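Below is the file query_1.cif, which contains mmCIF, C-alpha atoms and all ligand atoms.
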data_work
#
loop_
_atom_site.label_atom_id
_atom_site.label_comp_id
_atom_site.auth_asym_id
_atom_site.auth_seq_id
_atom_site.Cartn_x
_atom_site.Cartn_y
_atom_site.Cartn_z
CA MET A 1 11.17 2.71 69.10
CA LYS A 2 11.47 -0.68 67.40
CA TYR A 3 12.64 -1.80 63.98
CA TYR A 4 11.86 -4.94 62.01
CA ILE A 5 13.84 -6.00 58.92
CA VAL A 6 12.61 -8.54 56.37
CA THR A 7 15.47 -9.92 54.26
CA TYR A 8 15.24 -11.72 50.92
CA GLY A 9 17.96 -13.13 48.68
CA CYS A 10 21.59 -14.04 49.19
CA GLN A 11 24.03 -13.89 52.09
CA MET A 12 25.18 -10.54 50.86
CA ASN A 13 21.72 -9.18 51.54
CA VAL A 14 21.63 -10.89 54.93
CA HIS A 15 24.85 -9.07 55.76
CA GLU A 16 23.55 -5.80 54.34
CA SER A 17 20.58 -6.09 56.68
CA GLU A 18 23.11 -6.17 59.53
CA LYS A 19 24.34 -2.84 58.25
CA ILE A 20 20.79 -1.45 58.09
CA ALA A 21 20.28 -2.70 61.66
CA GLY A 22 23.52 -0.97 62.66
CA ILE A 23 22.30 2.35 61.26
CA LEU A 24 18.91 2.02 62.98
CA GLU A 25 20.46 1.08 66.32
CA ARG A 26 22.77 4.08 66.12
CA MET A 27 19.61 6.18 65.75
CA GLY A 28 18.20 4.67 68.94
CA TYR A 29 15.90 1.99 67.55
CA THR A 30 15.98 -1.51 69.04
CA CYS A 31 15.25 -4.81 67.32
CA GLY A 32 11.55 -5.75 67.42
CA GLN A 33 10.17 -9.28 67.43
CA SER A 34 7.40 -8.78 64.88
CA ARG A 35 6.09 -6.47 62.19
CA GLU A 36 3.10 -5.60 64.37
CA GLU A 37 5.16 -3.98 67.12
CA ALA A 38 7.57 -2.17 64.78
CA ASP A 39 7.80 1.59 64.29
CA ILE A 40 9.89 1.11 61.19
CA ILE A 41 9.80 -1.85 58.81
CA VAL A 42 12.52 -2.37 56.20
CA PHE A 43 12.22 -4.78 53.28
CA ASN A 44 15.67 -5.66 51.99
CA THR A 45 14.72 -7.11 48.62
CA CYS A 46 16.13 -9.49 46.00
CA ALA A 47 15.57 -9.39 42.24
CA ILE A 48 17.20 -12.66 41.17
CA ARG A 49 14.00 -14.46 40.14
CA GLU A 50 10.43 -13.39 39.60
CA GLY A 51 9.28 -15.44 42.59
CA ALA A 52 11.51 -13.40 44.90
CA GLU A 53 9.96 -10.18 43.63
CA ASP A 54 6.42 -11.51 43.90
CA ARG A 55 6.95 -12.29 47.57
CA VAL A 56 8.04 -8.72 48.22
CA PHE A 57 4.99 -7.31 46.46
CA GLY A 58 2.76 -9.59 48.52
CA ASN A 59 4.39 -8.75 51.83
CA VAL A 60 4.59 -5.00 51.32
CA GLY A 61 0.95 -5.00 50.19
CA ALA A 62 -0.05 -6.76 53.39
CA LEU A 63 1.08 -3.74 55.41
CA LYS A 64 -1.58 -1.42 54.06
CA LYS A 65 -3.85 -1.94 57.04
CA GLN A 66 -1.11 -1.59 59.63
CA LYS A 67 -0.07 1.69 58.07
CA LYS A 68 -3.67 2.90 58.08
CA ASN A 69 -3.95 2.16 61.79
CA ASN A 70 -0.57 3.68 62.60
CA LYS A 71 0.22 6.78 60.58
CA ASN A 72 3.64 7.05 62.24
CA LEU A 73 4.81 3.67 60.93
CA ILE A 74 7.72 4.12 58.52
CA ILE A 75 7.98 1.63 55.64
CA VAL A 76 11.25 1.33 53.73
CA VAL A 77 11.99 -0.73 50.63
CA ALA A 78 15.70 -1.29 50.01
CA GLY A 79 17.87 -3.82 48.18
CA CYS A 80 18.26 -5.10 44.63
CA MET A 81 14.67 -4.66 43.43
CA THR A 82 14.82 -0.93 43.99
CA GLN A 83 17.76 -0.66 41.58
CA LYS A 84 15.55 -1.68 38.65
CA GLU A 85 13.83 1.34 37.23
CA ASN A 86 10.59 -0.29 36.10
CA THR A 87 10.24 -2.37 39.25
CA ALA A 88 10.85 0.63 41.48
CA LYS A 89 8.25 2.67 39.59
CA HIS A 90 5.77 -0.17 39.77
CA LEU A 91 6.39 -0.45 43.49
CA LEU A 92 5.78 3.24 44.08
CA LYS A 93 2.62 3.23 42.03
CA THR A 94 1.19 0.12 43.66
CA PHE A 95 2.05 1.10 47.23
CA PRO A 96 1.57 4.82 47.88
CA PHE A 97 1.98 4.15 51.60
CA VAL A 98 5.67 3.22 51.26
CA ASP A 99 7.73 6.07 52.76
CA ILE A 100 11.26 5.44 51.54
CA VAL A 101 12.69 3.62 48.53
CA ILE A 102 16.46 3.45 48.67
CA GLY A 103 18.90 1.87 46.21
CA THR A 104 21.75 -0.51 47.00
CA PHE A 105 24.45 2.17 46.76
CA ASN A 106 22.78 4.65 49.08
CA ILE A 107 22.20 2.81 52.33
CA ALA A 108 24.41 5.39 54.04
CA LYS A 109 21.67 7.97 53.42
CA LEU A 110 19.03 5.97 55.26
CA GLU A 111 19.42 7.95 58.48
CA GLU A 112 18.97 11.29 56.69
CA TYR A 113 15.90 9.93 54.88
CA ILE A 114 14.28 8.70 58.05
CA ARG A 115 14.80 12.09 59.67
CA ASN A 116 13.16 13.74 56.65
CA VAL A 117 10.29 11.34 56.35
CA LYS A 118 7.69 13.97 57.09
CA ASN A 119 8.55 15.60 53.78
CA GLY A 120 6.99 12.78 51.83
CA ARG A 121 8.30 9.87 49.87
CA GLN A 122 12.06 9.61 49.51
CA LEU A 123 13.53 8.03 46.44
CA GLU A 124 17.20 7.55 45.72
CA LEU A 125 18.31 4.99 43.21
CA TRP A 126 20.79 4.01 40.57
CA ALA A 127 23.56 6.44 41.45
CA GLU A 128 26.52 4.11 41.77
CA GLY A 129 28.72 5.30 44.59
CA GLU A 130 31.43 4.43 47.07
CA ILE A 131 30.39 2.06 49.81
CA ASP A 132 30.75 3.79 53.16
CA GLU A 133 33.12 1.60 55.22
CA SER A 134 32.49 3.50 58.43
CA LEU A 135 28.91 2.26 58.80
CA PRO A 136 28.34 0.15 61.90
CA TYR A 137 27.17 -3.47 61.65
CA SER A 138 24.80 -5.07 64.09
CA ARG A 139 25.81 -8.70 63.55
CA SER A 140 23.11 -11.28 64.10
CA SER A 141 24.31 -14.55 62.57
CA GLY A 142 25.37 -16.32 65.76
CA GLU A 143 28.94 -17.59 65.71
CA ASN A 144 29.37 -16.63 62.08
CA ALA A 145 30.56 -13.19 61.05
CA TRP A 146 30.03 -12.16 57.43
CA VAL A 147 32.69 -10.01 55.83
CA ASN A 148 32.21 -8.38 52.44
CA ILE A 149 35.38 -8.46 50.40
CA MET A 150 34.00 -7.04 47.18
CA GLN A 151 30.86 -5.73 45.61
CA GLY A 152 29.30 -5.99 42.17
CA CYS A 153 29.95 -8.33 39.30
CA ASN A 154 31.54 -8.00 35.85
CA ASN A 155 30.52 -11.32 34.42
CA PHE A 156 27.19 -10.59 32.82
CA CYS A 157 25.98 -14.15 32.65
CA THR A 158 23.15 -13.65 30.18
CA TYR A 159 20.36 -14.69 32.58
CA CYS A 160 21.50 -12.66 35.56
CA ILE A 161 20.31 -9.33 36.96
CA VAL A 162 23.08 -8.90 39.54
CA PRO A 163 25.52 -6.85 37.39
CA TYR A 164 22.68 -4.42 36.68
CA VAL A 165 21.63 -3.93 40.29
CA ARG A 166 24.99 -4.20 42.03
CA GLY A 167 27.25 -2.44 39.55
CA ARG A 168 30.81 -3.34 38.55
CA GLU A 169 33.24 -5.40 40.58
CA LYS A 170 35.06 -3.46 43.22
CA SER A 171 37.39 -5.07 45.73
CA ARG A 172 37.83 -3.70 49.23
CA LYS A 173 41.41 -3.00 50.19
CA GLN A 174 43.16 -5.92 51.83
CA GLU A 175 44.12 -3.79 54.87
CA ALA A 176 40.48 -2.76 55.44
CA ILE A 177 39.37 -6.40 55.35
CA ILE A 178 42.15 -7.54 57.67
CA SER A 179 41.42 -4.81 60.20
CA GLU A 180 37.71 -5.65 60.18
CA ILE A 181 38.54 -9.31 60.79
CA LYS A 182 40.93 -8.40 63.62
CA GLU A 183 38.10 -6.54 65.32
CA ILE A 184 35.78 -9.50 64.83
CA ILE A 185 38.32 -11.88 66.38
CA ALA A 186 38.96 -9.47 69.26
CA GLU A 187 35.24 -9.49 70.13
CA GLY A 188 35.73 -13.15 70.99
CA LYS A 189 32.25 -14.41 70.13
CA TYR A 190 32.75 -15.49 66.52
CA LYS A 191 34.13 -18.89 65.52
CA LYS A 192 33.62 -18.58 61.80
CA ILE A 193 34.31 -15.86 59.27
CA THR A 194 32.58 -16.03 55.91
CA LEU A 195 33.97 -13.87 53.13
CA LEU A 196 31.35 -12.63 50.68
CA GLY A 197 31.44 -11.65 47.02
CA GLN A 198 29.53 -12.60 43.86
CA ASN A 199 32.75 -13.94 42.42
CA VAL A 200 35.41 -14.11 45.13
CA ASN A 201 37.90 -15.69 42.73
CA SER A 202 38.35 -12.40 40.95
CA TYR A 203 39.03 -10.54 44.22
CA GLY A 204 41.91 -8.07 44.01
CA LYS A 205 42.31 -7.93 40.25
CA ASP A 206 41.15 -4.31 40.31
CA LEU A 207 43.43 -3.25 43.19
CA VAL A 208 46.75 -1.46 42.67
CA PRO A 209 48.95 -3.41 43.05
CA ALA A 210 46.73 -6.39 42.20
CA VAL A 211 46.49 -9.19 44.78
CA SER A 212 44.94 -12.63 44.51
CA PHE A 213 42.10 -14.06 46.54
CA ALA A 214 44.44 -16.88 47.62
CA ASN A 215 46.81 -14.25 48.97
CA LEU A 216 44.01 -12.59 50.96
CA LEU A 217 43.10 -15.99 52.44
CA LYS A 218 46.72 -16.61 53.47
CA GLU A 219 46.93 -13.20 55.16
CA ILE A 220 43.71 -13.89 57.07
CA CYS A 221 45.03 -17.29 58.19
CA LYS A 222 48.11 -15.63 59.70
CA LEU A 223 45.89 -13.85 62.25
CA GLN A 224 46.01 -15.32 65.76
CA GLY A 225 42.80 -16.79 67.11
CA ASP A 226 40.46 -19.73 67.20
CA PHE A 227 38.42 -19.33 64.00
CA THR A 228 37.77 -20.85 60.57
CA VAL A 229 37.34 -19.02 57.26
CA SER A 230 34.80 -19.82 54.57
CA PHE A 231 33.88 -17.95 51.39
CA MET A 232 31.29 -17.69 48.66
CA THR A 233 30.69 -17.64 45.71
CA SER A 234 33.37 -19.11 43.46
CA HIS A 235 33.16 -18.85 39.68
CA PRO A 236 34.64 -21.88 37.87
CA LYS A 237 36.32 -19.76 35.20
CA ASP A 238 38.49 -17.96 37.78
CA LEU A 239 39.22 -20.77 40.24
CA THR A 240 43.01 -21.09 40.32
CA ASP A 241 45.39 -23.88 41.34
CA GLU A 242 46.86 -21.41 43.82
CA LEU A 243 43.47 -21.19 45.51
CA ILE A 244 43.00 -24.97 45.62
CA ASP A 245 46.49 -25.34 47.12
CA THR A 246 45.74 -22.66 49.69
CA ILE A 247 42.50 -24.32 50.79
CA ALA A 248 44.39 -27.61 51.03
CA SER A 249 47.31 -26.27 53.05
CA GLU A 250 45.72 -23.72 55.39
CA ALA A 251 44.28 -25.37 58.48
CA LYS A 252 41.95 -22.45 59.19
CA VAL A 253 40.23 -22.60 55.79
CA ASP A 254 37.01 -24.60 55.80
CA LYS A 255 37.20 -27.47 53.30
CA TYR A 256 34.15 -26.34 51.40
CA ILE A 257 33.58 -24.86 47.93
CA HIS A 258 30.29 -23.66 46.47
CA LEU A 259 30.98 -23.87 42.75
CA PRO A 260 27.89 -23.14 40.64
CA ALA A 261 27.97 -25.04 37.33
CA GLN A 262 24.56 -23.78 36.07
CA SER A 263 24.46 -26.35 33.23
CA GLY A 264 26.20 -29.52 32.09
CA ASP A 265 25.83 -28.73 28.41
CA ASN A 266 28.42 -26.78 26.44
CA ARG A 267 26.02 -25.07 24.06
CA ILE A 268 23.90 -23.81 26.95
CA LEU A 269 26.98 -22.78 28.97
CA LYS A 270 28.08 -20.73 25.99
CA LEU A 271 24.67 -19.09 25.64
CA MET A 272 24.80 -18.34 29.35
CA ASN A 273 28.19 -16.64 28.84
CA ARG A 274 29.74 -18.70 31.63
CA ARG A 275 33.07 -18.99 29.82
CA TYR A 276 33.95 -22.60 30.74
CA THR A 277 32.98 -26.00 29.40
CA ARG A 278 31.63 -29.09 31.08
CA GLU A 279 35.07 -30.68 30.63
CA HIS A 280 36.83 -27.77 32.30
CA TYR A 281 34.33 -27.81 35.17
CA LEU A 282 34.91 -31.54 35.70
CA SER A 283 38.67 -31.07 35.60
CA ILE A 284 38.41 -28.54 38.45
CA ILE A 285 36.28 -30.96 40.47
CA ASN A 286 38.88 -33.69 39.95
CA LYS A 287 41.67 -31.38 40.98
CA ILE A 288 39.83 -30.32 44.13
CA ARG A 289 39.11 -33.93 45.07
CA ALA A 290 42.71 -34.99 44.44
CA LYS A 291 44.22 -32.20 46.51
CA ILE A 292 41.58 -31.78 49.24
CA PRO A 293 40.20 -35.29 49.88
CA ASN A 294 37.41 -34.33 52.28
CA CYS A 295 36.33 -31.17 50.53
CA ARG A 296 32.56 -30.61 50.42
CA ILE A 297 31.40 -29.29 47.07
CA THR A 298 27.97 -27.79 46.31
CA SER A 299 26.55 -26.25 43.16
CA ASP A 300 23.72 -24.27 41.56
CA PHE A 301 21.87 -25.22 38.37
CA ILE A 302 19.38 -23.47 36.14
CA VAL A 303 16.94 -25.57 34.12
CA GLY A 304 14.86 -24.38 31.18
CA PHE A 305 17.29 -21.73 29.94
CA PRO A 306 15.99 -20.44 26.55
CA THR A 307 16.27 -23.11 23.81
CA GLU A 308 17.42 -25.85 26.25
CA THR A 309 16.42 -29.20 24.72
CA GLU A 310 15.64 -32.37 26.64
CA ASP A 311 19.04 -33.81 25.63
CA GLU A 312 20.81 -30.71 26.87
CA PHE A 313 18.94 -30.84 30.15
CA MET A 314 19.96 -34.51 30.44
CA ARG A 315 23.60 -33.44 30.25
CA THR A 316 23.01 -31.30 33.34
CA TYR A 317 21.38 -34.37 34.89
CA SER A 318 24.35 -36.57 34.03
CA LEU A 319 26.79 -33.99 35.43
CA VAL A 320 24.97 -34.03 38.76
CA GLU A 321 24.95 -37.83 38.65
CA GLU A 322 28.65 -37.96 37.85
CA VAL A 323 29.94 -35.44 40.40
CA LYS A 324 27.72 -36.47 43.32
CA PHE A 325 27.73 -33.07 44.96
CA ASP A 326 27.28 -32.59 48.68
CA GLY A 327 24.23 -30.53 47.82
CA ILE A 328 22.73 -28.62 44.92
CA PHE A 329 20.28 -25.79 44.38
CA ALA A 330 18.21 -26.15 41.22
CA PHE A 331 16.30 -23.18 39.83
CA MET A 332 13.82 -22.79 37.02
CA TYR A 333 15.06 -20.14 34.63
CA SER A 334 13.30 -16.85 35.28
CA PRO A 335 13.53 -14.13 32.60
CA ARG A 336 14.84 -10.85 34.04
CA GLU A 337 14.01 -7.66 32.20
CA GLY A 338 17.04 -6.05 30.58
CA THR A 339 19.18 -9.19 30.45
CA VAL A 340 20.32 -10.76 27.16
CA ALA A 341 18.63 -14.12 27.78
CA SER A 342 15.22 -12.54 28.41
CA LYS A 343 15.21 -11.41 24.78
CA MET A 344 16.25 -14.79 23.33
CA GLU A 345 13.87 -16.72 21.14
CA GLY A 346 12.88 -20.16 22.32
CA GLN A 347 11.80 -19.47 25.90
CA VAL A 348 10.95 -22.81 27.52
CA GLU A 349 7.42 -23.56 28.73
CA GLU A 350 6.81 -23.35 32.49
CA LYS A 351 5.47 -26.90 32.54
CA ILE A 352 8.73 -28.24 31.11
CA LYS A 353 10.80 -26.18 33.55
CA HIS A 354 8.79 -27.71 36.40
CA GLU A 355 9.36 -31.23 35.08
CA ARG A 356 13.09 -30.67 34.73
CA VAL A 357 13.58 -29.09 38.12
CA ASN A 358 11.63 -31.90 39.79
CA LYS A 359 13.66 -34.51 37.96
CA LEU A 360 16.92 -32.92 39.04
CA LEU A 361 15.80 -32.57 42.64
CA ALA A 362 14.66 -36.21 42.71
CA LEU A 363 18.10 -37.25 41.48
CA GLU A 364 19.72 -35.07 44.13
CA LYS A 365 17.61 -36.71 46.83
CA ARG A 366 18.59 -40.19 45.59
CA ILE A 367 22.29 -39.27 45.58
CA GLN A 368 22.16 -37.84 49.11
CA LYS A 369 20.54 -41.05 50.29
CA GLU A 370 22.97 -43.35 48.51
CA GLU A 371 26.00 -41.42 49.63
CA GLY A 372 24.70 -41.22 53.18
CA LYS A 373 24.97 -37.46 53.05
CA ALA A 374 21.38 -36.66 53.89
N1 LIG B 401 27.46 -15.03 41.69
C1 LIG B 401 26.97 -16.33 41.83
C2 LIG B 401 25.47 -16.49 41.79
C3 LIG B 401 24.55 -15.46 42.28
S1 LIG B 401 22.86 -15.76 42.01
C4 LIG B 401 27.53 -17.18 40.69
O1 LIG B 401 28.00 -16.67 39.71
O2 LIG B 401 27.41 -18.35 40.78
C5 LIG B 401 22.57 -17.33 42.74
C6 LIG B 401 22.03 -18.34 41.79
O3 LIG B 401 20.78 -17.94 41.28
C7 LIG B 401 22.87 -18.56 40.55
O4 LIG B 401 23.94 -19.42 40.79
C8 LIG B 401 21.89 -19.12 39.57
O5 LIG B 401 21.84 -20.53 39.64
C9 LIG B 401 20.56 -18.57 40.05
N2 LIG B 401 20.03 -17.56 39.11
C10 LIG B 401 20.57 -16.38 38.76
N3 LIG B 401 19.81 -15.75 37.85
C11 LIG B 401 18.74 -16.57 37.61
C12 LIG B 401 17.59 -16.49 36.75
N4 LIG B 401 17.39 -15.46 35.95
N5 LIG B 401 16.72 -17.52 36.78
C13 LIG B 401 16.91 -18.59 37.57
N6 LIG B 401 17.97 -18.72 38.40
C14 LIG B 401 18.88 -17.71 38.43
FE1 LIG B 402 25.22 -13.30 38.11
FE2 LIG B 402 27.07 -14.52 36.69
FE3 LIG B 402 27.74 -12.43 38.18
FE4 LIG B 402 27.08 -14.73 39.33
S1 LIG B 402 28.85 -14.38 38.02
S2 LIG B 402 26.37 -12.70 39.92
S3 LIG B 402 25.50 -15.54 37.98
S4 LIG B 402 26.42 -12.41 36.40
FE1 LIG B 403 19.26 -11.24 45.09
FE2 LIG B 403 20.65 -9.05 45.01
FE3 LIG B 403 21.66 -11.19 46.18
S1 LIG B 403 19.43 -9.86 43.37
S2 LIG B 403 20.70 -12.88 45.08
S3 LIG B 403 19.90 -10.08 46.83
S4 LIG B 403 22.79 -9.63 45.06
#
What is this structure when it is put down as structure tokens?
Amino acid sequence: MKYYIVTYGCQMNVHESEKIAGILERMGYTCGQSREEADIIVFNTCAIREGAEDRVFGNVGALKKQKKNNKNLIIVVAGCMTQKENTAKHLLKTFPFVDIVIGTFNIAKLEEYIRNVKNGRQLELWAEGEIDESLPYSRSSGENAWVNIMQGCNNFCTYCIVPYVRGREKSRKQEAIISEIKEIIAEGKYKKITLLGQNVNSYGKDLVPAVSFANLLKEICKLQGDFTVSFMTSHPKDLTDELIDTIASEAKVDKYIHLPAQSGDNRILKLMNRRYTREHYLSIINKIRAKIPNCRITSDFIVGFPTETEDEFMRTYSLVEEVKFDGIFAFMYSPREGTVASKMEGQVEEKIKHERVNKLLALEKRIQKEEGKA
């Protein structure tokens, strides 16, 4: 019996697919090379932008024929899209041949669902629960091992769906993380460990007693072995001097920070609820560059946020020009149902969003060329 997993979205989802693979392998399935030869197909979905959701709808729809020819094929939809009530309902209505829809908090029940599949469609969503730490991972990212250090997000940036589909921030206990990393090192095949969280800088604030992310990094660096540690994503509002000093002083920590700015304009940053200003963002960049001379810095930007004027967009442009990042991702704002920004007046025309994103990407290309980074 073979499985095939299609993953969309962020690294966290990539890692979650390793967990899904672990569950399936424990049940006796092996990894298939294509959808066509699979006995079970899992879509691990992302809800961050409309485009991501459209791709899922297209790809699930394309399985109709395969399912018709093979009644025993099991089709599962998991991940962030399933946590949105309207999207999940729409999915079920559009694709009656999907067997299992499972929310992000209930992956542990996948095995039970698969065993019960004869009983018809299985749906389990929204119930926020404990993440089961005993689930096996089947790691498949080469020399890199992903390690989740926290789940959820408390920030509620006004454009973002993540807090709604991933629940509130919850840090894993430091001991659990350290023991997972010890096992990874002992396996001997991983050179890099990447710590994952939507906002790693707030790691440990909810633990009793509270610990800092910098402290976790230091503890990891004490472990014996030939490895480097990386992490993502950092939120500028919570990035501390202690963390910058730790990255600078710990040889095992990769000199790399992904620090999404989202906008270079203070009015837009405020509307986005990012809770920092352009000036504060630039002061962090200066600090990083002063203390960690070769540090690579990358960023994310959203263009066409509701009410964004051309001048305000140009302040994002000038920020990118000023900082000369080692790479940026630029996204056109995509309204997400249920978020504050989706209800704001002054939604920006698609045509203008396209123009702005292209302009920003052209600038990025020019900078990479000039700096010899490309
Ligand atoms: N937790 C991370 C980001 C997770 S989402 C952080 O706070 O930076 C990854 C990126 O997707 C974000 O940085 C943002 O640039 C983009 N994004 C999120 N919601 C979006 C939306 N509604 N439309 C367009 N881009 C979005
Ligand atoms: Fe979304 Fe903001 Fe949380 Fe990042 S910090 S996941 S952008 S709400
Ligand atoms: Fe997408 Fe969910 Fe990640 S919405 S970006 S897969 S947390």
Write out as a ChimeraX atom specification the residues lying within 12 Å of Leu24 in chain A, counting all atoms listed in the file and excluding same-chain residues fewer than 2 positions away. /A:1-5,17-22,26-32,39-42,107-115,135-138
In Å, how far is it from CA of Ile285 in chain A to CA of Leu361 in chain A?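 We find that CA of Ile285 in chain A and CA of Leu361 in chain A lie 20.7 Å from each other.
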How big is the axis-aligned box around all listed atoms of ligand LIG 401 (chain B) once 4 Å goes on each side, and where's its centre, in Å to one decimal, as AutoDock Vina command-line options?
--center_x 22.4 --center_y -17.8 --center_z 39.3 --size_x 19.3 --size_y 13.5 --size_z 14.8
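Of the listed residues (A:Thr316, A:Lys255, A:Leu195, A:Lys369), A:Lys255 comes nearest to Arg289 in chain A; the distances count all atoms listed in the file.
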Gap from CA of Asn116 in chain A to CA of Ile74 in chain A - Å, one decimal: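 Taking CA of Asn116 in chain A and CA of Ile74 in chain A, their separation equals 11.2 Å.
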Looking at all atoms listed in the file, which of A:Gln151, A:Ser334, A:Ser299, A:Asn294 is the one that sits closest to Ala261 in chain A? A:Ser299
Give the residues close to ligand LIG 403 (chain B), within 12 Å, counting only C-alpha atoms and all ligand atoms; write them as a count of residues only. 53
I need the residue nearest Cys157 in chain A from this list: A:Lys270, A:Lys192, A:Arg139, A:Lys218. Use only C-alpha atoms for the distance. A:Lys270
Please report the interatomic distance between CA of Val208 in chain A and atom FE2 of ligand LIG 402 (chain B) in Å with one decimal.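 A separation of 24.4 Å between them.
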Give the answer as one residue: which of A:Asp238, A:Glu345, A:Asp99, A:Asp300 has the shortest atom-to-atom distance to ligand LIG 401 (chain B), using all atoms listed in the file?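 For ligand LIG 401 (chain B), the nearest of the given residues is A:Asp300.
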Shell around Asn70 in chain A at 12 Å using all atoms listed in the file, local window under 2 positions removed, as a count of residues only: 16
Pick the closest to Thr339 in chain A from A:Gly327, A:Leu92, A:Arg35, A:Thr158: which is it, counting all atoms listed in the file?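 Closest residue, counting all atoms listed in the file: A:Thr158.
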For range 227-231 of chain A, please output as a list in words all residues within 9 Å (counting only C-alpha atoms; exclusion window: fewer than 6 positions along the same chain). Ile185, Tyr190, Lys191, Lys192, Ile193, Thr194, Leu195, Leu196, Gly197, Val200, Leu217, Ile220, Cys221, Ala251, Lys252, Val253, Asp254, Lys255, Tyr256, Ile257 and His258 of chain A
What lies within 8 Å of Gln262 in chain A using all atoms listed in the file, ignoring chain neighbours under 2 positions off, as a ChimeraX atom specification? /A:260,264,269,299-302
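Closest approach to Asp132 in chain A among A:Leu282, A:Ala290, A:Ala176, A:Met314: A:Ala176, based on all atoms listed in the file.
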For the point (45.4, -24.4, 41.8) in file coordinates, what residues are within 10 Å, counting all atoms listed in the file? Give the answer as a ChimeraX atom specification? /A:214,239-248,284,287-288,291
Just the residues within 9 Å of Glu350 in chain A, please, counting all atoms listed in the file, with nothing from its chain fewer than 4 positions along; format it as a list in words.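 In the requested form, the answer reads Gly304, Met332, His354 and Glu355 of chain A.
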Write the residues you've just listed into a file as a PDB file, keeping the file's coordinate frame, and include C-alpha atoms for each of them.
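The file below, part_20.pdb, is the result:
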ATOM      1  CA  GLY A 304      14.860 -24.380  31.180  1.00  0.00           C
ATOM      2  CA  MET A 332      13.820 -22.790  37.020  1.00  0.00           C
ATOM      3  CA  HIS A 354       8.790 -27.710  36.400  1.00  0.00           C
ATOM      4  CA  GLU A 355       9.360 -31.230  35.080  1.00  0.00           C
TER       5      GLU A 355
END
